[in-house]
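Source file: input_33.txt. Holds: compact mmCIF, N, CA, C and O atoms.
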```txt
# COMPACT_ATOMS: atom_id res chain seq x y z
N MET E 297 -1.06 13.55 4.61
CA MET E 297 -0.57 12.39 5.31
C MET E 297 0.12 11.44 4.34
O MET E 297 -0.35 11.22 3.24
N HIS E 298 1.21 10.87 4.82
CA HIS E 298 1.95 9.90 4.01
C HIS E 298 1.57 8.49 4.44
O HIS E 298 1.43 8.22 5.63
N PRO E 299 1.41 7.60 3.49
CA PRO E 299 1.11 6.21 3.87
C PRO E 299 2.28 5.60 4.63
O PRO E 299 3.44 5.90 4.36
N VAL E 300 1.98 4.75 5.57
CA VAL E 300 3.01 4.08 6.36
C VAL E 300 3.49 2.85 5.59
O VAL E 300 2.68 2.05 5.12
N ALA E 301 4.80 2.74 5.46
CA ALA E 301 5.38 1.58 4.76
C ALA E 301 5.16 0.33 5.61
O ALA E 301 5.22 0.39 6.83
N PRO E 302 4.89 -0.79 4.97
CA PRO E 302 4.70 -2.02 5.73
C PRO E 302 5.98 -2.41 6.48
O PRO E 302 7.09 -2.19 5.99
N SER E 303 5.82 -2.99 7.64
CA SER E 303 6.96 -3.43 8.43
C SER E 303 7.60 -4.66 7.78
O SER E 303 7.01 -5.30 6.91
N PHE E 304 8.79 -5.00 8.25
CA PHE E 304 9.46 -6.19 7.74
C PHE E 304 8.57 -7.42 7.97
O PHE E 304 8.40 -8.24 7.07
N SER E 305 7.99 -7.55 9.14
CA SER E 305 7.12 -8.69 9.43
C SER E 305 5.95 -8.75 8.47
O SER E 305 5.60 -9.83 7.96
N GLN E 306 5.34 -7.62 8.19
CA GLN E 306 4.21 -7.60 7.25
C GLN E 306 4.64 -8.03 5.86
O GLN E 306 3.92 -8.75 5.17
N ARG E 307 5.83 -7.59 5.44
CA ARG E 307 6.34 -7.99 4.13
C ARG E 307 6.61 -9.50 4.09
O ARG E 307 6.33 -10.16 3.10
N VAL E 308 7.15 -10.03 5.18
CA VAL E 308 7.39 -11.48 5.26
C VAL E 308 6.06 -12.23 5.17
O VAL E 308 5.94 -13.20 4.42
N PHE E 309 5.05 -11.78 5.91
CA PHE E 309 3.74 -12.43 5.86
C PHE E 309 3.19 -12.44 4.44
O PHE E 309 2.66 -13.45 3.98
N HIS E 310 3.34 -11.32 3.73
CA HIS E 310 2.85 -11.21 2.36
C HIS E 310 3.54 -12.22 1.45
O HIS E 310 2.89 -12.89 0.63
N VAL E 311 4.86 -12.34 1.56
CA VAL E 311 5.62 -13.26 0.72
C VAL E 311 5.24 -14.71 1.04
O VAL E 311 4.95 -15.50 0.14
N VAL E 312 5.22 -15.05 2.33
CA VAL E 312 4.92 -16.43 2.72
C VAL E 312 3.50 -16.82 2.29
O VAL E 312 3.27 -17.95 1.84
N ALA E 313 2.58 -15.90 2.38
CA ALA E 313 1.21 -16.18 1.96
C ALA E 313 1.12 -16.50 0.48
O ALA E 313 0.21 -17.20 0.04
N ALA E 314 2.08 -16.05 -0.31
CA ALA E 314 2.06 -16.27 -1.76
C ALA E 314 2.69 -17.59 -2.19
O ALA E 314 2.58 -17.98 -3.35
N ILE E 315 3.34 -18.31 -1.27
CA ILE E 315 3.98 -19.58 -1.64
C ILE E 315 2.88 -20.59 -1.97
O ILE E 315 2.03 -20.87 -1.13
N PRO E 316 2.88 -21.13 -3.18
CA PRO E 316 1.81 -22.05 -3.58
C PRO E 316 1.83 -23.37 -2.81
O PRO E 316 2.89 -23.83 -2.37
N TYR E 317 0.67 -23.96 -2.73
CA TYR E 317 0.50 -25.30 -2.16
C TYR E 317 1.44 -26.27 -2.86
O TYR E 317 1.58 -26.24 -4.08
N GLY E 318 2.14 -27.10 -2.10
CA GLY E 318 3.03 -28.10 -2.68
C GLY E 318 4.38 -27.56 -3.11
O GLY E 318 5.15 -28.28 -3.75
N LYS E 319 4.69 -26.32 -2.77
CA LYS E 319 5.98 -25.72 -3.10
C LYS E 319 6.67 -25.27 -1.82
O LYS E 319 6.04 -25.05 -0.79
N ILE E 320 7.99 -25.14 -1.90
CA ILE E 320 8.78 -24.65 -0.77
C ILE E 320 9.71 -23.55 -1.25
O ILE E 320 9.98 -23.43 -2.45
N THR E 321 10.20 -22.78 -0.32
CA THR E 321 11.24 -21.80 -0.61
C THR E 321 12.12 -21.67 0.62
O THR E 321 11.87 -22.30 1.64
N THR E 322 13.14 -20.85 0.53
CA THR E 322 14.09 -20.71 1.62
C THR E 322 13.84 -19.42 2.42
O THR E 322 13.20 -18.49 1.94
N TYR E 323 14.39 -19.40 3.61
CA TYR E 323 14.34 -18.19 4.43
C TYR E 323 14.99 -17.03 3.68
O TYR E 323 14.50 -15.91 3.69
N GLY E 324 16.10 -17.32 2.99
CA GLY E 324 16.80 -16.29 2.23
C GLY E 324 15.98 -15.73 1.09
O GLY E 324 16.00 -14.53 0.82
N GLU E 325 15.24 -16.60 0.41
CA GLU E 325 14.39 -16.14 -0.69
C GLU E 325 13.25 -15.28 -0.16
O GLU E 325 12.92 -14.26 -0.76
N VAL E 326 12.67 -15.67 0.96
CA VAL E 326 11.61 -14.85 1.57
C VAL E 326 12.18 -13.48 1.93
O VAL E 326 11.57 -12.44 1.65
N ALA E 327 13.37 -13.47 2.52
CA ALA E 327 14.01 -12.19 2.89
C ALA E 327 14.24 -11.33 1.66
O ALA E 327 13.94 -10.12 1.67
N ARG E 328 14.74 -11.94 0.59
CA ARG E 328 15.00 -11.18 -0.65
C ARG E 328 13.71 -10.59 -1.19
O ARG E 328 13.64 -9.40 -1.53
N LEU E 329 12.66 -11.40 -1.26
CA LEU E 329 11.39 -10.92 -1.79
C LEU E 329 10.74 -9.88 -0.88
O LEU E 329 9.96 -9.05 -1.34
N ALA E 330 11.09 -9.92 0.40
CA ALA E 330 10.55 -8.94 1.35
C ALA E 330 11.38 -7.65 1.35
O ALA E 330 11.08 -6.72 2.10
N GLY E 331 12.41 -7.60 0.51
CA GLY E 331 13.19 -6.38 0.36
C GLY E 331 14.38 -6.27 1.30
O GLY E 331 15.01 -5.22 1.38
N SER E 332 14.72 -7.36 1.99
CA SER E 332 15.86 -7.37 2.91
C SER E 332 16.68 -8.63 2.67
O SER E 332 16.61 -9.59 3.46
N PRO E 333 17.46 -8.68 1.59
CA PRO E 333 18.12 -9.91 1.18
C PRO E 333 19.08 -10.53 2.19
O PRO E 333 19.40 -11.70 2.08
N ARG E 334 19.52 -9.78 3.17
CA ARG E 334 20.45 -10.33 4.16
C ARG E 334 19.77 -10.68 5.47
O ARG E 334 20.43 -10.86 6.49
N ALA E 335 18.46 -10.82 5.46
CA ALA E 335 17.70 -11.00 6.70
C ALA E 335 17.05 -12.38 6.83
O ALA E 335 15.99 -12.53 7.42
N ALA E 336 17.72 -13.42 6.32
CA ALA E 336 17.15 -14.77 6.37
C ALA E 336 16.87 -15.20 7.81
O ALA E 336 15.81 -15.77 8.10
N ARG E 337 17.78 -14.94 8.73
CA ARG E 337 17.56 -15.33 10.13
C ARG E 337 16.37 -14.59 10.74
O ARG E 337 15.62 -15.15 11.53
N GLN E 338 16.21 -13.35 10.35
CA GLN E 338 15.08 -12.57 10.87
C GLN E 338 13.75 -13.13 10.36
O GLN E 338 12.74 -13.07 11.06
N VAL E 339 13.75 -13.68 9.15
CA VAL E 339 12.54 -14.33 8.63
C VAL E 339 12.17 -15.48 9.55
O VAL E 339 11.00 -15.64 9.93
N GLY E 340 13.15 -16.28 9.94
CA GLY E 340 12.89 -17.38 10.87
C GLY E 340 12.30 -16.88 12.18
O GLY E 340 11.36 -17.47 12.71
N GLY E 341 12.81 -15.76 12.68
CA GLY E 341 12.27 -15.18 13.92
C GLY E 341 10.83 -14.74 13.77
O GLY E 341 10.00 -14.96 14.66
N VAL E 342 10.53 -14.11 12.65
CA VAL E 342 9.15 -13.67 12.39
C VAL E 342 8.21 -14.87 12.36
O VAL E 342 7.14 -14.86 12.97
N LEU E 343 8.62 -15.92 11.68
CA LEU E 343 7.76 -17.10 11.55
C LEU E 343 7.62 -17.85 12.88
O LEU E 343 6.56 -18.41 13.16
N ARG E 344 8.67 -17.85 13.70
CA ARG E 344 8.58 -18.50 15.01
C ARG E 344 7.58 -17.80 15.93
O ARG E 344 7.04 -18.41 16.83
N ARG E 345 7.37 -16.52 15.70
CA ARG E 345 6.48 -15.74 16.57
C ARG E 345 5.04 -15.67 16.05
O ARG E 345 4.24 -14.90 16.58
N LEU E 346 4.69 -16.47 15.06
CA LEU E 346 3.31 -16.48 14.57
C LEU E 346 2.37 -16.89 15.70
O LEU E 346 2.70 -17.78 16.49
N PRO E 347 1.22 -16.29 15.76
CA PRO E 347 0.26 -16.69 16.80
C PRO E 347 -0.27 -18.10 16.57
O PRO E 347 -0.34 -18.57 15.43
N GLU E 348 -0.63 -18.74 17.66
CA GLU E 348 -1.22 -20.08 17.60
C GLU E 348 -2.44 -20.05 16.67
O GLU E 348 -3.24 -19.12 16.72
N GLY E 349 -2.55 -21.03 15.80
CA GLY E 349 -3.69 -21.10 14.90
C GLY E 349 -3.56 -20.28 13.63
O GLY E 349 -4.51 -20.21 12.84
N SER E 350 -2.40 -19.67 13.40
CA SER E 350 -2.20 -18.88 12.18
C SER E 350 -2.37 -19.78 10.96
O SER E 350 -1.96 -20.93 10.95
N THR E 351 -2.98 -19.24 9.92
CA THR E 351 -3.16 -19.99 8.67
C THR E 351 -2.07 -19.70 7.65
O THR E 351 -2.11 -20.23 6.54
N LEU E 352 -1.10 -18.88 8.02
CA LEU E 352 0.01 -18.58 7.12
C LEU E 352 0.79 -19.88 6.88
O LEU E 352 1.11 -20.60 7.82
N PRO E 353 1.13 -20.20 5.63
CA PRO E 353 1.81 -21.47 5.35
C PRO E 353 3.31 -21.43 5.68
O PRO E 353 4.17 -21.66 4.83
N TRP E 354 3.63 -21.18 6.94
CA TRP E 354 5.01 -21.08 7.42
C TRP E 354 5.80 -22.35 7.13
O TRP E 354 7.02 -22.30 6.95
N HIS E 355 5.11 -23.47 7.08
CA HIS E 355 5.77 -24.76 6.90
C HIS E 355 6.43 -24.90 5.52
O HIS E 355 7.26 -25.77 5.31
N ARG E 356 6.12 -24.02 4.60
CA ARG E 356 6.68 -24.08 3.24
C ARG E 356 8.04 -23.38 3.14
O ARG E 356 8.61 -23.30 2.06
N VAL E 357 8.56 -22.90 4.26
CA VAL E 357 9.85 -22.21 4.27
C VAL E 357 10.87 -23.13 4.95
O VAL E 357 10.67 -23.58 6.08
N MET E 358 11.96 -23.39 4.24
CA MET E 358 13.01 -24.31 4.72
C MET E 358 14.37 -23.64 4.60
O MET E 358 14.50 -22.58 3.99
N ASN E 359 15.39 -24.30 5.14
CA ASN E 359 16.73 -23.73 5.00
C ASN E 359 17.27 -23.97 3.59
O ASN E 359 16.66 -24.68 2.79
N ARG E 360 18.39 -23.37 3.29
CA ARG E 360 18.93 -23.39 1.92
C ARG E 360 19.38 -24.78 1.48
O ARG E 360 19.65 -25.00 0.31
N HIS E 361 19.47 -25.72 2.42
CA HIS E 361 19.85 -27.08 2.09
C HIS E 361 18.65 -27.98 1.83
O HIS E 361 18.80 -29.18 1.61
N GLY E 362 17.45 -27.38 1.89
CA GLY E 362 16.24 -28.16 1.69
C GLY E 362 15.88 -28.99 2.91
O GLY E 362 15.23 -30.02 2.79
N GLN E 363 16.28 -28.51 4.07
CA GLN E 363 16.01 -29.21 5.31
C GLN E 363 15.16 -28.35 6.23
O GLN E 363 15.17 -27.12 6.15
N ILE E 364 14.48 -29.01 7.14
CA ILE E 364 13.70 -28.32 8.15
C ILE E 364 14.65 -27.84 9.24
O ILE E 364 15.45 -28.63 9.75
N SER E 365 14.56 -26.58 9.59
CA SER E 365 15.42 -26.01 10.63
C SER E 365 14.84 -26.16 12.03
O SER E 365 15.55 -26.02 13.01
N GLN E 366 13.56 -26.44 12.11
CA GLN E 366 12.89 -26.60 13.40
C GLN E 366 13.39 -27.86 14.11
O GLN E 366 13.94 -28.75 13.47
N GLN E 367 13.13 -27.91 15.41
CA GLN E 367 13.49 -29.10 16.18
C GLN E 367 12.30 -29.54 17.00
O GLN E 367 11.35 -28.80 17.19
N GLY E 368 12.37 -30.77 17.48
CA GLY E 368 11.34 -31.28 18.36
C GLY E 368 9.97 -31.34 17.71
O GLY E 368 9.84 -31.72 16.54
N GLU E 369 8.95 -30.95 18.46
CA GLU E 369 7.57 -31.00 17.99
C GLU E 369 7.36 -30.13 16.75
O GLU E 369 6.62 -30.50 15.83
N ASP E 370 8.02 -28.97 16.70
CA ASP E 370 7.88 -28.09 15.54
C ASP E 370 8.42 -28.76 14.27
O ASP E 370 7.86 -28.60 13.20
N PHE E 371 9.52 -29.51 14.42
CA PHE E 371 10.07 -30.26 13.29
C PHE E 371 9.02 -31.23 12.76
O PHE E 371 8.75 -31.29 11.55
N HIS E 372 8.41 -31.99 13.66
CA HIS E 372 7.43 -32.99 13.25
C HIS E 372 6.18 -32.35 12.64
O HIS E 372 5.63 -32.86 11.66
N ARG E 373 5.73 -31.23 13.20
CA ARG E 373 4.56 -30.51 12.64
C ARG E 373 4.86 -30.04 11.22
O ARG E 373 4.02 -30.17 10.32
N GLN E 374 6.05 -29.47 11.02
CA GLN E 374 6.39 -28.96 9.69
C GLN E 374 6.53 -30.11 8.70
O GLN E 374 6.00 -30.04 7.59
N ARG E 375 7.21 -31.15 9.09
CA ARG E 375 7.39 -32.30 8.19
C ARG E 375 6.03 -32.90 7.80
O ARG E 375 5.78 -33.18 6.63
N GLN E 376 5.15 -33.06 8.78
CA GLN E 376 3.83 -33.63 8.51
C GLN E 376 3.03 -32.74 7.56
O GLN E 376 2.38 -33.23 6.63
N ALA E 377 3.08 -31.42 7.78
CA ALA E 377 2.35 -30.49 6.91
C ALA E 377 2.86 -30.57 5.47
O ALA E 377 2.08 -30.54 4.52
N LEU E 378 4.18 -30.70 5.30
CA LEU E 378 4.74 -30.82 3.96
C LEU E 378 4.38 -32.15 3.32
O LEU E 378 4.03 -32.19 2.13
N LEU E 379 4.42 -33.22 4.08
CA LEU E 379 4.02 -34.52 3.55
C LEU E 379 2.57 -34.50 3.10
O LEU E 379 2.23 -35.07 2.05
N GLU E 380 1.71 -33.84 3.85
CA GLU E 380 0.29 -33.74 3.49
C GLU E 380 0.08 -32.98 2.19
O GLU E 380 -0.94 -33.16 1.53
N GLU E 381 1.05 -32.13 1.81
CA GLU E 381 0.97 -31.40 0.54
C GLU E 381 1.63 -32.18 -0.59
O GLU E 381 1.75 -31.67 -1.70
N GLY E 382 2.08 -33.39 -0.30
CA GLY E 382 2.69 -34.22 -1.34
C GLY E 382 4.17 -34.02 -1.53
O GLY E 382 4.75 -34.52 -2.49
N ILE E 383 4.81 -33.29 -0.63
CA ILE E 383 6.24 -33.05 -0.74
C ILE E 383 6.97 -34.26 -0.17
O ILE E 383 6.70 -34.70 0.95
N ILE E 384 7.89 -34.80 -0.95
CA ILE E 384 8.61 -36.02 -0.58
C ILE E 384 10.01 -35.66 -0.10
O ILE E 384 10.71 -34.86 -0.72
N PHE E 385 10.42 -36.29 1.00
CA PHE E 385 11.76 -36.10 1.56
C PHE E 385 12.67 -37.23 1.10
O PHE E 385 12.23 -38.37 0.98
N SER E 386 13.94 -36.91 0.90
CA SER E 386 14.92 -37.95 0.57
C SER E 386 15.26 -38.73 1.84
O SER E 386 14.80 -38.38 2.94
N THR E 387 16.08 -39.73 1.69
CA THR E 387 16.50 -40.52 2.86
C THR E 387 17.32 -39.67 3.84
O THR E 387 17.48 -40.05 4.99
N HIS E 388 17.83 -38.54 3.40
CA HIS E 388 18.61 -37.65 4.25
C HIS E 388 17.74 -36.51 4.80
O HIS E 388 18.26 -35.49 5.26
N SER E 389 16.42 -36.67 4.70
CA SER E 389 15.45 -35.67 5.19
C SER E 389 15.59 -34.32 4.51
O SER E 389 15.41 -33.27 5.12
N THR E 390 15.93 -34.35 3.22
CA THR E 390 15.99 -33.11 2.45
C THR E 390 14.89 -33.13 1.39
O THR E 390 14.39 -34.18 1.01
N VAL E 391 14.56 -31.94 0.92
CA VAL E 391 13.56 -31.78 -0.13
C VAL E 391 14.28 -31.23 -1.37
O VAL E 391 15.15 -30.36 -1.26
N ASP E 392 13.93 -31.73 -2.52
CA ASP E 392 14.56 -31.35 -3.78
C ASP E 392 13.97 -30.04 -4.29
O ASP E 392 12.80 -29.98 -4.68
N PHE E 393 14.80 -29.00 -4.30
CA PHE E 393 14.34 -27.70 -4.79
C PHE E 393 14.06 -27.73 -6.29
O PHE E 393 13.29 -26.91 -6.79
N GLN E 394 14.68 -28.64 -7.03
CA GLN E 394 14.38 -28.75 -8.46
C GLN E 394 12.93 -29.13 -8.68
O GLN E 394 12.29 -28.68 -9.62
N LEU E 395 12.39 -29.98 -7.81
CA LEU E 395 11.01 -30.43 -7.95
C LEU E 395 10.01 -29.51 -7.25
O LEU E 395 8.93 -29.27 -7.76
N TYR E 396 10.36 -29.03 -6.07
CA TYR E 396 9.39 -28.35 -5.22
C TYR E 396 9.68 -26.87 -4.98
O TYR E 396 8.91 -26.20 -4.31
N GLY E 397 10.78 -26.38 -5.50
CA GLY E 397 11.17 -25.00 -5.22
C GLY E 397 10.27 -23.96 -5.85
O GLY E 397 9.76 -24.13 -6.96
N TRP E 398 10.06 -22.86 -5.12
CA TRP E 398 9.30 -21.71 -5.60
C TRP E 398 10.16 -20.48 -5.49
O TRP E 398 10.68 -20.16 -4.41
N TYR E 399 10.38 -19.83 -6.61
CA TYR E 399 11.20 -18.61 -6.65
C TYR E 399 10.49 -17.61 -7.54
O TYR E 399 9.88 -17.97 -8.53
N GLN E 400 10.61 -16.37 -7.22
CA GLN E 400 10.00 -15.30 -8.02
C GLN E 400 11.07 -14.51 -8.71
O GLN E 400 12.10 -14.31 -8.27
```

Kindly return the structure encoded in the file as structure tokens.
Amino acid sequence: MHPVAPSFSQRVFHVVAAIPYGKITTYGEVARLAGSPRAARQVGGVLRRLPEGSTLPWHRVMNRHGQISQQGEDFHRQRQALLEEGIIFSTHSTVDFQLYGWYQ
């Protein structure tokens, strides 16, 4: 029997789980680390479908401009979770990747 390769979603979960507290990364970086460098949008889809109550730190993934891509209540949940980790937003609601970025 041959071992089954992990699915794209499983690889995304593994990468996101490794993002340290107080750090952020981009959808594109998660896609690259998951072995699919052109799948940034698919990373967003995987994270949007997380089950209620998931402990995966999905909130640490932002767009390449250092902004939250979510809208409405999800935007506020993500922003609050990042603020609770000590991540500071600029007046333009962006986060500085020089200070908070995580890359492998």

- prompt: What is the atom C of Tyr399 in chain E to atom O of Pro347 in chain E distance in Å?
  reply: 25.4 Å

task: Go ahead and compute the interatomic distance for CA of Gln306 in chain E and CA of Gly331 in chain E, in Å to one decimal.
output: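 Pair CA of Gln306 in chain E / CA of Gly331 in chain E returns 11.4 Å.
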
message: When you look at Ala313 in chain E with a cut-off of 10 Å (counting only C-alpha atoms), what residues show up, excluding the ones that are within fewer than 3 positions of it in the same chain? I need them as a PyMOL selection string.
response: chain E and resi 307-310+316+351-354+356

query: Got a sec: who's within 7 Å of His361 in chain E, counting only N, CA, C and O atoms, leaving out chain neighbours fewer than 5 positions off, as an MDAnalysis selection string?
result: chainID E and resid 389:392

task: Write out as a list in words which residues come within 7 Å of His355 in chain E when counting all atoms listed in the file, dropping same-chain ones fewer than 2 positions away.
output: Lys319, Ile320, Thr321, Leu352, Pro353, Val357, Met358, Arg373, Gln374, Arg375, Ala377 and Leu378 of chain E

field: Separation of atom O of Trp398 in chain E from atom N of Glu325 in chain E in Å
entry: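 Separation of atom N of Glu325 in chain E and atom O of Trp398 in chain E: 7.5 Å.
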
- request: Write down as JSON, numbers by chain the residues belonging to chain E that are assigned strand (DSSP E or B) by DSSP computed on the backbone.
  value: {"E": [320, 321, 322, 357, 358, 397]}

Emit the selected residues as a PDB file, in the coordinates of the input, including N, CA, C and O atoms.
```pdb
ATOM      1  N   ILE E 320       7.990 -25.140  -1.900  1.00  0.00           N
ATOM      2  CA  ILE E 320       8.780 -24.650  -0.770  1.00  0.00           C
ATOM      3  C   ILE E 320       9.710 -23.550  -1.250  1.00  0.00           C
ATOM      4  O   ILE E 320       9.980 -23.430  -2.450  1.00  0.00           O
ATOM      5  N   THR E 321      10.200 -22.780  -0.320  1.00  0.00           N
ATOM      6  CA  THR E 321      11.240 -21.800  -0.610  1.00  0.00           C
ATOM      7  C   THR E 321      12.120 -21.670   0.620  1.00  0.00           C
ATOM      8  O   THR E 321      11.870 -22.300   1.640  1.00  0.00           O
ATOM      9  N   THR E 322      13.140 -20.850   0.530  1.00  0.00           N
ATOM     10  CA  THR E 322      14.090 -20.710   1.620  1.00  0.00           C
ATOM     11  C   THR E 322      13.840 -19.420   2.420  1.00  0.00           C
ATOM     12  O   THR E 322      13.200 -18.490   1.940  1.00  0.00           O
ATOM     13  N   VAL E 357       8.560 -22.900   4.260  1.00  0.00           N
ATOM     14  CA  VAL E 357       9.850 -22.210   4.270  1.00  0.00           C
ATOM     15  C   VAL E 357      10.870 -23.130   4.950  1.00  0.00           C
ATOM     16  O   VAL E 357      10.670 -23.580   6.080  1.00  0.00           O
ATOM     17  N   MET E 358      11.960 -23.390   4.240  1.00  0.00           N
ATOM     18  CA  MET E 358      13.010 -24.310   4.720  1.00  0.00           C
ATOM     19  C   MET E 358      14.370 -23.640   4.600  1.00  0.00           C
ATOM     20  O   MET E 358      14.500 -22.580   3.990  1.00  0.00           O
ATOM     21  N   GLY E 397      10.780 -26.380  -5.500  1.00  0.00           N
ATOM     22  CA  GLY E 397      11.170 -25.000  -5.220  1.00  0.00           C
ATOM     23  C   GLY E 397      10.270 -23.960  -5.850  1.00  0.00           C
ATOM     24  O   GLY E 397       9.760 -24.130  -6.960  1.00  0.00           O
TER      25      GLY E 397
END
```

message: List the spatial neighbours of Arg334 in chain E as a ChimeraX atom specification - criterion: any atom at most 8 Å away, all atoms listed in the file, same-chain residues fewer than 4 positions off excluded.
response: /E:323-324,327-328,338-339

task: Have a look at E:Ala330, E:Phe304, E:Gln363, E:Val311 and name the one nearest to Val342 in chain E; count all atoms listed in the file.
output: E:Phe304

task: Determine the nearest neighbour of Glu380 in chain E from the options E:Gly368, E:Arg360, E:Gln394, E:Gly318, counting only N, CA, C and O atoms.
output: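 When distances to Glu380 in chain E are compared using only N, CA, C and O atoms, the smallest one comes from E:Gly318.
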
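Using only C-alpha atoms, the nearest neighbour of Leu379 in chain E within the list E:Tyr317, E:Gln366, E:Pro302, E:Arg345 is E:Tyr317.
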